[in-house]
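Q: coords16.txt is reproduced below (compact mmCIF, N, CA and C atoms).
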```txt
# COMPACT_ATOMS: atom_id res chain seq x y z
N MET A 1 -1.17 7.92 20.75
CA MET A 1 -0.05 8.30 19.90
C MET A 1 -0.49 9.50 19.05
N SER A 2 0.40 10.45 18.87
CA SER A 2 0.04 11.63 18.09
C SER A 2 -0.09 11.28 16.61
N THR A 3 -0.90 12.06 15.92
CA THR A 3 -1.09 11.85 14.47
C THR A 3 0.23 12.03 13.73
N PHE A 4 1.05 13.00 14.17
CA PHE A 4 2.34 13.24 13.51
C PHE A 4 3.25 12.02 13.64
N LEU A 5 3.35 11.45 14.84
CA LEU A 5 4.20 10.27 15.03
C LEU A 5 3.67 9.09 14.21
N ARG A 6 2.34 8.93 14.20
CA ARG A 6 1.75 7.85 13.41
C ARG A 6 2.04 8.06 11.92
N TRP A 7 1.92 9.31 11.44
CA TRP A 7 2.20 9.64 10.04
C TRP A 7 3.65 9.31 9.70
N TRP A 8 4.58 9.63 10.62
CA TRP A 8 6.00 9.35 10.42
C TRP A 8 6.20 7.83 10.31
N ARG A 9 5.60 7.07 11.23
CA ARG A 9 5.72 5.62 11.20
C ARG A 9 5.10 5.04 9.92
N PHE A 10 3.93 5.58 9.55
CA PHE A 10 3.27 5.14 8.32
C PHE A 10 4.19 5.33 7.13
N ASN A 11 4.86 6.46 7.03
CA ASN A 11 5.76 6.73 5.92
C ASN A 11 7.02 5.88 5.96
N LEU A 12 7.50 5.56 7.15
CA LEU A 12 8.65 4.66 7.26
C LEU A 12 8.28 3.27 6.74
N VAL A 13 7.12 2.77 7.18
CA VAL A 13 6.64 1.48 6.68
C VAL A 13 6.41 1.57 5.17
N GLY A 14 5.82 2.68 4.72
CA GLY A 14 5.59 2.87 3.29
C GLY A 14 6.87 2.87 2.48
N ALA A 15 7.93 3.47 3.04
CA ALA A 15 9.23 3.47 2.34
C ALA A 15 9.77 2.05 2.21
N MET A 16 9.63 1.27 3.28
CA MET A 16 10.06 -0.14 3.21
C MET A 16 9.20 -0.90 2.20
N GLY A 17 7.90 -0.64 2.23
CA GLY A 17 6.99 -1.28 1.28
C GLY A 17 7.29 -0.88 -0.15
N MET A 18 7.72 0.37 -0.33
CA MET A 18 8.09 0.84 -1.66
C MET A 18 9.29 0.05 -2.20
N VAL A 19 10.25 -0.23 -1.32
CA VAL A 19 11.40 -1.05 -1.72
C VAL A 19 10.94 -2.45 -2.10
N VAL A 20 10.04 -3.03 -1.30
CA VAL A 20 9.49 -4.35 -1.61
C VAL A 20 8.80 -4.31 -2.97
N GLN A 21 7.95 -3.31 -3.17
CA GLN A 21 7.18 -3.22 -4.42
C GLN A 21 8.08 -2.99 -5.63
N LEU A 22 9.02 -2.07 -5.53
CA LEU A 22 9.90 -1.79 -6.68
C LEU A 22 10.81 -2.97 -6.99
N THR A 23 11.30 -3.65 -5.95
CA THR A 23 12.14 -4.83 -6.17
C THR A 23 11.33 -5.94 -6.83
N ALA A 24 10.13 -6.17 -6.30
CA ALA A 24 9.27 -7.20 -6.89
C ALA A 24 8.93 -6.85 -8.33
N LEU A 25 8.63 -5.58 -8.59
CA LEU A 25 8.30 -5.17 -9.95
C LEU A 25 9.48 -5.36 -10.90
N ALA A 26 10.68 -5.02 -10.45
CA ALA A 26 11.87 -5.19 -11.28
C ALA A 26 12.08 -6.66 -11.63
N VAL A 27 11.94 -7.53 -10.63
CA VAL A 27 12.13 -8.97 -10.85
C VAL A 27 11.01 -9.53 -11.73
N LEU A 28 9.77 -9.22 -11.37
CA LEU A 28 8.62 -9.78 -12.10
C LEU A 28 8.55 -9.28 -13.54
N SER A 29 8.93 -8.03 -13.77
CA SER A 29 8.87 -7.51 -15.14
C SER A 29 9.87 -8.20 -16.05
N ARG A 30 10.92 -8.74 -15.46
CA ARG A 30 11.88 -9.52 -16.25
C ARG A 30 11.36 -10.94 -16.49
N LEU A 31 10.65 -11.49 -15.50
CA LEU A 31 10.14 -12.85 -15.62
C LEU A 31 8.94 -12.93 -16.56
N ILE A 32 8.09 -11.91 -16.53
CA ILE A 32 6.90 -11.90 -17.39
C ILE A 32 6.97 -10.66 -18.29
N ALA A 33 7.97 -10.64 -19.12
CA ALA A 33 8.24 -9.49 -19.99
C ALA A 33 7.01 -9.12 -20.81
N GLY A 34 6.79 -7.82 -20.92
CA GLY A 34 5.69 -7.32 -21.72
C GLY A 34 4.38 -7.22 -20.97
N HIS A 35 4.35 -7.67 -19.74
CA HIS A 35 3.12 -7.64 -18.94
C HIS A 35 3.34 -6.80 -17.69
N TYR A 36 3.67 -5.52 -17.88
CA TYR A 36 4.00 -4.66 -16.75
C TYR A 36 2.81 -4.43 -15.82
N LEU A 37 1.58 -4.48 -16.34
CA LEU A 37 0.42 -4.29 -15.47
C LEU A 37 0.21 -5.50 -14.56
N SER A 38 0.42 -6.70 -15.08
CA SER A 38 0.33 -7.91 -14.25
C SER A 38 1.43 -7.91 -13.20
N ALA A 39 2.63 -7.57 -13.63
CA ALA A 39 3.76 -7.50 -12.69
C ALA A 39 3.50 -6.43 -11.63
N SER A 40 2.91 -5.32 -12.02
CA SER A 40 2.59 -4.24 -11.07
C SER A 40 1.56 -4.70 -10.05
N ALA A 41 0.54 -5.42 -10.50
CA ALA A 41 -0.50 -5.91 -9.58
C ALA A 41 0.08 -6.85 -8.53
N VAL A 42 0.92 -7.78 -8.94
CA VAL A 42 1.53 -8.72 -8.00
C VAL A 42 2.47 -7.98 -7.05
N ALA A 43 3.23 -7.04 -7.56
CA ALA A 43 4.15 -6.26 -6.72
C ALA A 43 3.38 -5.44 -5.68
N VAL A 44 2.26 -4.86 -6.08
CA VAL A 44 1.43 -4.10 -5.15
C VAL A 44 0.90 -5.01 -4.05
N GLU A 45 0.41 -6.18 -4.40
CA GLU A 45 -0.14 -7.10 -3.39
C GLU A 45 0.94 -7.52 -2.40
N LEU A 46 2.14 -7.78 -2.87
CA LEU A 46 3.23 -8.13 -1.95
C LEU A 46 3.52 -6.98 -1.00
N ALA A 47 3.52 -5.76 -1.51
CA ALA A 47 3.77 -4.59 -0.66
C ALA A 47 2.62 -4.37 0.32
N VAL A 48 1.39 -4.59 -0.10
CA VAL A 48 0.24 -4.42 0.78
C VAL A 48 0.33 -5.40 1.96
N LEU A 49 0.65 -6.65 1.68
CA LEU A 49 0.79 -7.64 2.75
C LEU A 49 1.95 -7.29 3.69
N HIS A 50 3.06 -6.90 3.11
CA HIS A 50 4.22 -6.46 3.90
C HIS A 50 3.84 -5.30 4.81
N ASN A 51 3.17 -4.30 4.23
CA ASN A 51 2.82 -3.10 5.00
C ASN A 51 1.81 -3.41 6.09
N PHE A 52 0.86 -4.30 5.81
CA PHE A 52 -0.13 -4.65 6.83
C PHE A 52 0.55 -5.17 8.09
N VAL A 53 1.46 -6.09 7.92
CA VAL A 53 2.15 -6.67 9.08
C VAL A 53 2.88 -5.58 9.87
N TRP A 54 3.61 -4.73 9.17
CA TRP A 54 4.33 -3.66 9.85
C TRP A 54 3.38 -2.66 10.50
N HIS A 55 2.27 -2.34 9.86
CA HIS A 55 1.32 -1.40 10.44
C HIS A 55 0.69 -1.96 11.72
N VAL A 56 0.38 -3.25 11.72
CA VAL A 56 -0.21 -3.88 12.91
C VAL A 56 0.76 -3.80 14.09
N TYR A 57 2.03 -4.10 13.86
CA TYR A 57 2.98 -4.18 14.96
C TYR A 57 3.82 -2.93 15.19
N PHE A 58 3.65 -1.90 14.36
CA PHE A 58 4.47 -0.70 14.50
C PHE A 58 3.63 0.58 14.42
N THR A 59 2.98 0.81 13.32
CA THR A 59 2.27 2.07 13.11
C THR A 59 1.04 2.20 14.01
N TRP A 60 0.22 1.15 14.03
CA TRP A 60 -1.01 1.17 14.83
C TRP A 60 -0.97 0.12 15.92
N ARG A 61 0.20 -0.11 16.50
CA ARG A 61 0.33 -1.17 17.51
C ARG A 61 -0.53 -0.90 18.74
N ASP A 62 -0.81 0.36 19.02
CA ASP A 62 -1.67 0.69 20.16
C ASP A 62 -3.12 0.31 19.92
N ARG A 63 -3.46 -0.02 18.68
CA ARG A 63 -4.82 -0.45 18.35
C ARG A 63 -4.87 -1.94 17.99
N CYS A 64 -3.78 -2.64 18.26
CA CYS A 64 -3.70 -4.06 17.92
C CYS A 64 -4.53 -4.89 18.88
N ASP A 65 -5.44 -5.65 18.33
CA ASP A 65 -6.31 -6.54 19.09
C ASP A 65 -6.46 -7.79 18.23
N ARG A 66 -5.86 -8.87 18.66
CA ARG A 66 -5.87 -10.09 17.85
C ARG A 66 -7.28 -10.57 17.51
N SER A 67 -8.25 -10.22 18.33
CA SER A 67 -9.62 -10.66 18.05
C SER A 67 -10.22 -9.97 16.82
N VAL A 68 -9.69 -8.81 16.45
CA VAL A 68 -10.21 -8.10 15.27
C VAL A 68 -9.22 -8.15 14.09
N LEU A 69 -8.14 -8.91 14.24
CA LEU A 69 -7.14 -8.99 13.17
C LEU A 69 -7.73 -9.42 11.83
N PRO A 70 -8.60 -10.45 11.79
CA PRO A 70 -9.18 -10.81 10.48
C PRO A 70 -9.98 -9.67 9.85
N SER A 71 -10.72 -8.93 10.65
CA SER A 71 -11.49 -7.81 10.07
C SER A 71 -10.56 -6.66 9.69
N GLN A 72 -9.45 -6.49 10.43
CA GLN A 72 -8.49 -5.45 10.06
C GLN A 72 -7.82 -5.76 8.72
N VAL A 73 -7.43 -7.01 8.51
CA VAL A 73 -6.80 -7.34 7.23
C VAL A 73 -7.80 -7.18 6.09
N MET A 74 -9.07 -7.51 6.34
CA MET A 74 -10.09 -7.31 5.31
C MET A 74 -10.27 -5.82 5.02
N ARG A 75 -10.41 -5.00 6.08
CA ARG A 75 -10.58 -3.55 5.89
C ARG A 75 -9.35 -2.95 5.23
N PHE A 76 -8.15 -3.43 5.60
CA PHE A 76 -6.91 -2.91 5.02
C PHE A 76 -6.86 -3.20 3.52
N HIS A 77 -7.25 -4.41 3.14
CA HIS A 77 -7.27 -4.75 1.71
C HIS A 77 -8.34 -3.97 0.96
N LEU A 78 -9.51 -3.78 1.58
CA LEU A 78 -10.58 -3.03 0.93
C LEU A 78 -10.25 -1.54 0.80
N SER A 79 -9.43 -1.03 1.68
CA SER A 79 -9.08 0.39 1.62
C SER A 79 -7.71 0.56 0.97
N ASN A 80 -6.67 0.30 1.73
CA ASN A 80 -5.31 0.48 1.25
C ASN A 80 -5.00 -0.37 0.03
N GLY A 81 -5.46 -1.62 0.06
CA GLY A 81 -5.20 -2.51 -1.07
C GLY A 81 -5.84 -2.03 -2.35
N LEU A 82 -7.11 -1.65 -2.28
CA LEU A 82 -7.81 -1.18 -3.49
C LEU A 82 -7.26 0.15 -3.98
N VAL A 83 -7.01 1.09 -3.06
CA VAL A 83 -6.42 2.37 -3.47
C VAL A 83 -5.07 2.13 -4.13
N SER A 84 -4.25 1.30 -3.50
CA SER A 84 -2.91 1.02 -4.06
C SER A 84 -3.00 0.30 -5.39
N LEU A 85 -3.82 -0.73 -5.46
CA LEU A 85 -3.91 -1.52 -6.68
C LEU A 85 -4.53 -0.71 -7.83
N LEU A 86 -5.71 -0.16 -7.61
CA LEU A 86 -6.37 0.58 -8.68
C LEU A 86 -5.62 1.86 -9.03
N GLY A 87 -5.14 2.56 -8.01
CA GLY A 87 -4.37 3.78 -8.26
C GLY A 87 -3.09 3.49 -9.01
N ASN A 88 -2.37 2.45 -8.59
CA ASN A 88 -1.13 2.09 -9.26
C ASN A 88 -1.36 1.65 -10.70
N LEU A 89 -2.36 0.80 -10.91
CA LEU A 89 -2.60 0.32 -12.27
C LEU A 89 -3.03 1.45 -13.20
N ALA A 90 -3.90 2.33 -12.71
CA ALA A 90 -4.35 3.45 -13.55
C ALA A 90 -3.19 4.39 -13.84
N LEU A 91 -2.44 4.74 -12.82
CA LEU A 91 -1.32 5.66 -13.02
C LEU A 91 -0.20 5.03 -13.84
N MET A 92 0.05 3.73 -13.63
CA MET A 92 1.08 3.05 -14.42
C MET A 92 0.71 3.06 -15.90
N ARG A 93 -0.55 2.81 -16.19
CA ARG A 93 -1.00 2.83 -17.59
C ARG A 93 -0.75 4.20 -18.20
N ILE A 94 -1.08 5.26 -17.47
CA ILE A 94 -0.90 6.62 -17.97
C ILE A 94 0.59 6.98 -18.07
N LEU A 95 1.33 6.72 -17.00
CA LEU A 95 2.73 7.16 -16.95
C LEU A 95 3.65 6.34 -17.87
N VAL A 96 3.42 5.03 -17.95
CA VAL A 96 4.28 4.19 -18.80
C VAL A 96 3.82 4.25 -20.25
N HIS A 97 2.55 4.00 -20.47
CA HIS A 97 2.03 3.87 -21.83
C HIS A 97 1.88 5.22 -22.53
N GLU A 98 1.32 6.20 -21.83
CA GLU A 98 1.04 7.50 -22.45
C GLU A 98 2.21 8.47 -22.32
N ALA A 99 2.73 8.63 -21.09
CA ALA A 99 3.81 9.59 -20.87
C ALA A 99 5.19 9.03 -21.19
N ARG A 100 5.26 7.70 -21.35
CA ARG A 100 6.51 7.01 -21.70
C ARG A 100 7.63 7.23 -20.68
N LEU A 101 7.24 7.29 -19.40
CA LEU A 101 8.23 7.38 -18.33
C LEU A 101 8.77 5.98 -18.05
N PRO A 102 9.98 5.87 -17.50
CA PRO A 102 10.52 4.55 -17.15
C PRO A 102 9.63 3.85 -16.13
N LEU A 103 9.63 2.53 -16.18
CA LEU A 103 8.77 1.69 -15.36
C LEU A 103 8.90 1.99 -13.86
N LEU A 104 10.10 1.95 -13.32
CA LEU A 104 10.28 2.13 -11.89
C LEU A 104 10.02 3.57 -11.45
N VAL A 105 10.33 4.55 -12.27
CA VAL A 105 10.01 5.94 -11.97
C VAL A 105 8.50 6.11 -11.91
N SER A 106 7.80 5.55 -12.88
CA SER A 106 6.34 5.61 -12.91
C SER A 106 5.74 4.98 -11.67
N ASN A 107 6.27 3.85 -11.25
CA ASN A 107 5.74 3.17 -10.08
C ASN A 107 6.00 3.97 -8.81
N GLY A 108 7.15 4.60 -8.71
CA GLY A 108 7.44 5.46 -7.56
C GLY A 108 6.46 6.62 -7.46
N ILE A 109 6.15 7.24 -8.58
CA ILE A 109 5.18 8.33 -8.63
C ILE A 109 3.81 7.83 -8.21
N ALA A 110 3.41 6.68 -8.71
CA ALA A 110 2.10 6.11 -8.39
C ALA A 110 1.98 5.82 -6.89
N ILE A 111 3.04 5.29 -6.30
CA ILE A 111 3.04 4.98 -4.86
C ILE A 111 2.85 6.26 -4.05
N LEU A 112 3.59 7.28 -4.38
CA LEU A 112 3.49 8.54 -3.64
C LEU A 112 2.10 9.17 -3.77
N CYS A 113 1.50 9.07 -4.94
CA CYS A 113 0.17 9.65 -5.16
C CYS A 113 -0.90 8.97 -4.30
N CYS A 114 -0.73 7.71 -4.00
CA CYS A 114 -1.73 6.95 -3.24
C CYS A 114 -1.53 7.04 -1.73
N SER A 115 -0.39 7.54 -1.26
CA SER A 115 -0.05 7.44 0.16
C SER A 115 -0.96 8.24 1.10
N VAL A 116 -1.35 9.44 0.73
CA VAL A 116 -2.18 10.26 1.62
C VAL A 116 -3.54 9.60 1.84
N ALA A 117 -4.17 9.16 0.78
CA ALA A 117 -5.46 8.47 0.90
C ALA A 117 -5.31 7.22 1.75
N ASN A 118 -4.22 6.49 1.57
CA ASN A 118 -4.01 5.27 2.34
C ASN A 118 -3.85 5.53 3.83
N PHE A 119 -3.15 6.61 4.20
CA PHE A 119 -2.99 6.93 5.62
C PHE A 119 -4.35 7.26 6.23
N CYS A 120 -5.11 8.09 5.57
CA CYS A 120 -6.42 8.48 6.10
C CYS A 120 -7.34 7.27 6.25
N LEU A 121 -7.37 6.41 5.25
CA LEU A 121 -8.21 5.21 5.33
C LEU A 121 -7.72 4.26 6.42
N GLY A 122 -6.42 4.13 6.56
CA GLY A 122 -5.87 3.26 7.60
C GLY A 122 -6.19 3.79 8.99
N ASP A 123 -6.00 5.08 9.19
CA ASP A 123 -6.19 5.68 10.50
C ASP A 123 -7.65 5.74 10.91
N HIS A 124 -8.53 6.02 9.97
CA HIS A 124 -9.94 6.23 10.30
C HIS A 124 -10.84 5.02 10.06
N TRP A 125 -10.31 3.97 9.41
CA TRP A 125 -11.17 2.81 9.17
C TRP A 125 -10.45 1.47 9.40
N ALA A 126 -9.40 1.20 8.63
CA ALA A 126 -8.76 -0.11 8.71
C ALA A 126 -8.22 -0.42 10.10
N PHE A 127 -7.60 0.56 10.74
CA PHE A 127 -7.03 0.35 12.08
C PHE A 127 -7.72 1.20 13.14
N ALA A 128 -8.94 1.62 12.85
CA ALA A 128 -9.71 2.39 13.84
C ALA A 128 -10.05 1.48 15.01
N GLY A 129 -10.42 2.08 16.11
CA GLY A 129 -10.88 1.29 17.25
C GLY A 129 -12.09 0.47 16.85
N LYS A 130 -12.35 -0.60 17.56
CA LYS A 130 -13.43 -1.52 17.20
C LYS A 130 -14.77 -0.83 16.99
N ALA A 131 -15.19 0.02 17.90
CA ALA A 131 -16.49 0.70 17.78
C ALA A 131 -16.52 1.63 16.57
N LYS A 132 -15.41 2.33 16.33
CA LYS A 132 -15.33 3.26 15.21
C LYS A 132 -15.37 2.52 13.88
N ALA A 133 -14.68 1.41 13.78
CA ALA A 133 -14.63 0.62 12.54
C ALA A 133 -15.99 -0.01 12.23
N ASP A 134 -16.72 -0.41 13.27
CA ASP A 134 -18.02 -1.05 13.06
C ASP A 134 -19.09 -0.06 12.60
N ALA A 135 -18.88 1.21 12.89
CA ALA A 135 -19.89 2.24 12.54
C ALA A 135 -20.05 2.42 11.05
```
Please express what this file holds, its structure, as structure tokens.

A:
Amino acid sequence: MSTFLRWWRFNLVGAMGMVVQLTALAVLSRLIAGHYLSASAVAVELAVLHNFVWHVYFTWRDRCDRSVLPSQVMRFHLSNGLVSLLGNLALMRILVHEARLPLLVSNGIAILCCSVANFCLGDHWAFAGKAKADA
């Protein structure tokens, strides 16, 4: 599969994940008012899990091997999950607390800022071929 087509699929999944994350954040921020960082962390994790499933069966389906699925989910969380979680929390703190931007606008900006790093990590490590990932 070409890198361009994979990038397009990655962004389509990311757009769906963004809806999951923003919806979860909107709901959670109402349920646990005043704790936007906690709500952000849970929303990110829900989006990461959602995106993993879609990436396995859509974005990187040509690299799907059920025997390496446990290691793929671990690598995905260590790469995409950490970039998304740490990047989102750091940027949310800056954008909401310091810049005083609205919560959902801040989260949208944070998601977009993390996407390029997440694609590279997914393509070259989390969903790399077995020999490449083991290296």

Q: Within 6.5 Å of A:Ala47, counting only N, CA and C atoms, which residues qualify if same-chain residues fewer than 3 places away don't, as a PyMOL selection string?

A: chain A and resi 17-18+20-21+42-44+50-52

Q: Interatomic distance between atom CA of A:Gly122 and atom N of A:Leu89?

A: 19.0 Å

Q: Looking only at alpha helix (DSSP H) from DSSP on the backbone, list the matching residues of stretch 40-129 of chain A as an mmCIF file with N, CA and C atoms, keeping the file's coordinate frame.

A:
```
data_model
loop_
_atom_site.group_PDB
_atom_site.id
_atom_site.type_symbol
_atom_site.label_atom_id
_atom_site.label_comp_id
_atom_site.auth_asym_id
_atom_site.auth_seq_id
_atom_site.Cartn_x
_atom_site.Cartn_y
_atom_site.Cartn_z
ATOM 1 N N SER A 40 2.910 -5.320 -12.020
ATOM 2 C CA SER A 40 2.590 -4.240 -11.070
ATOM 3 C C SER A 40 1.560 -4.700 -10.050
ATOM 4 N N ALA A 41 0.540 -5.420 -10.500
ATOM 5 C CA ALA A 41 -0.500 -5.910 -9.580
ATOM 6 C C ALA A 41 0.080 -6.850 -8.530
ATOM 7 N N VAL A 42 0.920 -7.780 -8.940
ATOM 8 C CA VAL A 42 1.530 -8.720 -8.000
ATOM 9 C C VAL A 42 2.470 -7.980 -7.050
ATOM 10 N N ALA A 43 3.230 -7.040 -7.560
ATOM 11 C CA ALA A 43 4.150 -6.260 -6.720
ATOM 12 C C ALA A 43 3.380 -5.440 -5.680
ATOM 13 N N VAL A 44 2.260 -4.860 -6.080
ATOM 14 C CA VAL A 44 1.430 -4.100 -5.150
ATOM 15 C C VAL A 44 0.900 -5.010 -4.050
ATOM 16 N N GLU A 45 0.410 -6.180 -4.400
ATOM 17 C CA GLU A 45 -0.140 -7.100 -3.390
ATOM 18 C C GLU A 45 0.940 -7.520 -2.400
ATOM 19 N N LEU A 46 2.140 -7.780 -2.870
ATOM 20 C CA LEU A 46 3.230 -8.130 -1.950
ATOM 21 C C LEU A 46 3.520 -6.980 -1.000
ATOM 22 N N ALA A 47 3.520 -5.760 -1.510
ATOM 23 C CA ALA A 47 3.770 -4.590 -0.660
ATOM 24 C C ALA A 47 2.620 -4.370 0.320
ATOM 25 N N VAL A 48 1.390 -4.590 -0.100
ATOM 26 C CA VAL A 48 0.240 -4.420 0.780
ATOM 27 C C VAL A 48 0.330 -5.400 1.960
ATOM 28 N N LEU A 49 0.650 -6.650 1.680
ATOM 29 C CA LEU A 49 0.790 -7.640 2.750
ATOM 30 C C LEU A 49 1.950 -7.290 3.690
ATOM 31 N N HIS A 50 3.060 -6.900 3.110
ATOM 32 C CA HIS A 50 4.220 -6.460 3.900
ATOM 33 C C HIS A 50 3.840 -5.300 4.810
ATOM 34 N N ASN A 51 3.170 -4.300 4.230
ATOM 35 C CA ASN A 51 2.820 -3.100 5.000
ATOM 36 C C ASN A 51 1.810 -3.410 6.090
ATOM 37 N N PHE A 52 0.860 -4.300 5.810
ATOM 38 C CA PHE A 52 -0.130 -4.650 6.830
ATOM 39 C C PHE A 52 0.550 -5.170 8.090
ATOM 40 N N VAL A 53 1.460 -6.090 7.920
ATOM 41 C CA VAL A 53 2.150 -6.670 9.080
ATOM 42 C C VAL A 53 2.880 -5.580 9.870
ATOM 43 N N TRP A 54 3.610 -4.730 9.170
ATOM 44 C CA TRP A 54 4.330 -3.660 9.850
ATOM 45 C C TRP A 54 3.380 -2.660 10.500
ATOM 46 N N LEU A 69 -8.140 -8.910 14.240
ATOM 47 C CA LEU A 69 -7.140 -8.990 13.170
ATOM 48 C C LEU A 69 -7.730 -9.420 11.830
ATOM 49 N N PRO A 70 -8.600 -10.450 11.790
ATOM 50 C CA PRO A 70 -9.180 -10.810 10.480
ATOM 51 C C PRO A 70 -9.980 -9.670 9.850
ATOM 52 N N SER A 71 -10.720 -8.930 10.650
ATOM 53 C CA SER A 71 -11.490 -7.810 10.070
ATOM 54 C C SER A 71 -10.560 -6.660 9.690
ATOM 55 N N GLN A 72 -9.450 -6.490 10.430
ATOM 56 C CA GLN A 72 -8.490 -5.450 10.060
ATOM 57 C C GLN A 72 -7.820 -5.760 8.720
ATOM 58 N N VAL A 73 -7.430 -7.010 8.510
ATOM 59 C CA VAL A 73 -6.800 -7.340 7.230
ATOM 60 C C VAL A 73 -7.800 -7.180 6.090
ATOM 61 N N MET A 74 -9.070 -7.510 6.340
ATOM 62 C CA MET A 74 -10.090 -7.310 5.310
ATOM 63 C C MET A 74 -10.270 -5.820 5.020
ATOM 64 N N ARG A 75 -10.410 -5.000 6.080
ATOM 65 C CA ARG A 75 -10.580 -3.550 5.890
ATOM 66 C C ARG A 75 -9.350 -2.950 5.230
ATOM 67 N N PHE A 76 -8.150 -3.430 5.600
ATOM 68 C CA PHE A 76 -6.910 -2.910 5.020
ATOM 69 C C PHE A 76 -6.860 -3.200 3.520
ATOM 70 N N LEU A 82 -7.110 -1.650 -2.280
ATOM 71 C CA LEU A 82 -7.810 -1.180 -3.490
ATOM 72 C C LEU A 82 -7.260 0.150 -3.980
ATOM 73 N N VAL A 83 -7.010 1.090 -3.060
ATOM 74 C CA VAL A 83 -6.420 2.370 -3.470
ATOM 75 C C VAL A 83 -5.070 2.130 -4.130
ATOM 76 N N SER A 84 -4.250 1.300 -3.500
ATOM 77 C CA SER A 84 -2.910 1.020 -4.060
ATOM 78 C C SER A 84 -3.000 0.300 -5.390
ATOM 79 N N LEU A 85 -3.820 -0.730 -5.460
ATOM 80 C CA LEU A 85 -3.910 -1.520 -6.680
ATOM 81 C C LEU A 85 -4.530 -0.710 -7.830
ATOM 82 N N LEU A 86 -5.710 -0.160 -7.610
ATOM 83 C CA LEU A 86 -6.370 0.580 -8.680
ATOM 84 C C LEU A 86 -5.620 1.860 -9.030
ATOM 85 N N GLY A 87 -5.140 2.560 -8.010
ATOM 86 C CA GLY A 87 -4.370 3.780 -8.260
ATOM 87 C C GLY A 87 -3.090 3.490 -9.010
ATOM 88 N N ASN A 88 -2.370 2.450 -8.590
ATOM 89 C CA ASN A 88 -1.130 2.090 -9.260
ATOM 90 C C ASN A 88 -1.360 1.650 -10.700
ATOM 91 N N LEU A 89 -2.360 0.800 -10.910
ATOM 92 C CA LEU A 89 -2.600 0.320 -12.270
ATOM 93 C C LEU A 89 -3.030 1.450 -13.200
ATOM 94 N N ALA A 90 -3.900 2.330 -12.710
ATOM 95 C CA ALA A 90 -4.350 3.450 -13.550
ATOM 96 C C ALA A 90 -3.190 4.390 -13.840
ATOM 97 N N LEU A 91 -2.440 4.740 -12.820
ATOM 98 C CA LEU A 91 -1.320 5.660 -13.020
ATOM 99 C C LEU A 91 -0.200 5.030 -13.840
ATOM 100 N N MET A 92 0.050 3.730 -13.630
ATOM 101 C CA MET A 92 1.080 3.050 -14.420
ATOM 102 C C MET A 92 0.710 3.060 -15.900
ATOM 103 N N LEU A 103 9.630 2.530 -16.180
ATOM 104 C CA LEU A 103 8.770 1.690 -15.360
ATOM 105 C C LEU A 103 8.900 1.990 -13.860
ATOM 106 N N LEU A 104 10.100 1.950 -13.320
ATOM 107 C CA LEU A 104 10.280 2.130 -11.890
ATOM 108 C C LEU A 104 10.020 3.570 -11.450
ATOM 109 N N VAL A 105 10.330 4.550 -12.270
ATOM 110 C CA VAL A 105 10.010 5.940 -11.970
ATOM 111 C C VAL A 105 8.500 6.110 -11.910
ATOM 112 N N SER A 106 7.800 5.550 -12.880
ATOM 113 C CA SER A 106 6.340 5.610 -12.910
ATOM 114 C C SER A 106 5.740 4.980 -11.670
ATOM 115 N N ASN A 107 6.270 3.850 -11.250
ATOM 116 C CA ASN A 107 5.740 3.170 -10.080
ATOM 117 C C ASN A 107 6.000 3.970 -8.810
ATOM 118 N N GLY A 108 7.150 4.600 -8.710
ATOM 119 C CA GLY A 108 7.440 5.460 -7.560
ATOM 120 C C GLY A 108 6.460 6.620 -7.460
ATOM 121 N N ILE A 109 6.150 7.240 -8.580
ATOM 122 C CA ILE A 109 5.180 8.330 -8.630
ATOM 123 C C ILE A 109 3.810 7.830 -8.210
ATOM 124 N N ALA A 110 3.410 6.680 -8.710
ATOM 125 C CA ALA A 110 2.100 6.110 -8.390
ATOM 126 C C ALA A 110 1.980 5.820 -6.890
ATOM 127 N N ILE A 111 3.040 5.290 -6.300
ATOM 128 C CA ILE A 111 3.040 4.980 -4.860
ATOM 129 C C ILE A 111 2.850 6.260 -4.050
ATOM 130 N N LEU A 112 3.590 7.280 -4.380
ATOM 131 C CA LEU A 112 3.490 8.540 -3.640
ATOM 132 C C LEU A 112 2.100 9.170 -3.770
ATOM 133 N N CYS A 113 1.500 9.070 -4.940
ATOM 134 C CA CYS A 113 0.170 9.650 -5.160
ATOM 135 C C CYS A 113 -0.900 8.970 -4.300
ATOM 136 N N CYS A 114 -0.730 7.710 -4.000
ATOM 137 C CA CYS A 114 -1.730 6.950 -3.240
ATOM 138 C C CYS A 114 -1.530 7.040 -1.730
ATOM 139 N N SER A 115 -0.390 7.540 -1.260
ATOM 140 C CA SER A 115 -0.050 7.440 0.160
ATOM 141 C C SER A 115 -0.960 8.240 1.100
ATOM 142 N N VAL A 116 -1.350 9.440 0.730
ATOM 143 C CA VAL A 116 -2.180 10.260 1.620
ATOM 144 C C VAL A 116 -3.540 9.600 1.840
ATOM 145 N N ALA A 117 -4.170 9.160 0.780
ATOM 146 C CA ALA A 117 -5.460 8.470 0.900
ATOM 147 C C ALA A 117 -5.310 7.220 1.750
ATOM 148 N N ASN A 118 -4.220 6.490 1.570
ATOM 149 C CA ASN A 118 -4.010 5.270 2.340
ATOM 150 C C ASN A 118 -3.850 5.530 3.830
ATOM 151 N N PHE A 119 -3.150 6.610 4.200
ATOM 152 C CA PHE A 119 -2.990 6.930 5.620
ATOM 153 C C PHE A 119 -4.350 7.260 6.230
ATOM 154 N N CYS A 120 -5.110 8.090 5.570
ATOM 155 C CA CYS A 120 -6.420 8.480 6.100
ATOM 156 C C CYS A 120 -7.340 7.270 6.250
ATOM 157 N N LEU A 121 -7.370 6.410 5.250
ATOM 158 C CA LEU A 121 -8.210 5.210 5.330
ATOM 159 C C LEU A 121 -7.720 4.260 6.420
#
```

Q: So, counting all atoms listed in the file, which residue among A:Glu98, A:Val105, A:Val13, A:Leu121 is closest to A:Thr59?

A: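 The closest residue to A:Thr59 is A:Val13.
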
Q: One number please: atom CA of A:Leu69 to atom CA of A:Arg9, in Å, one decimal.

A: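 Pair atom CA of A:Leu69 / atom CA of A:Arg9 returns 19.6 Å.
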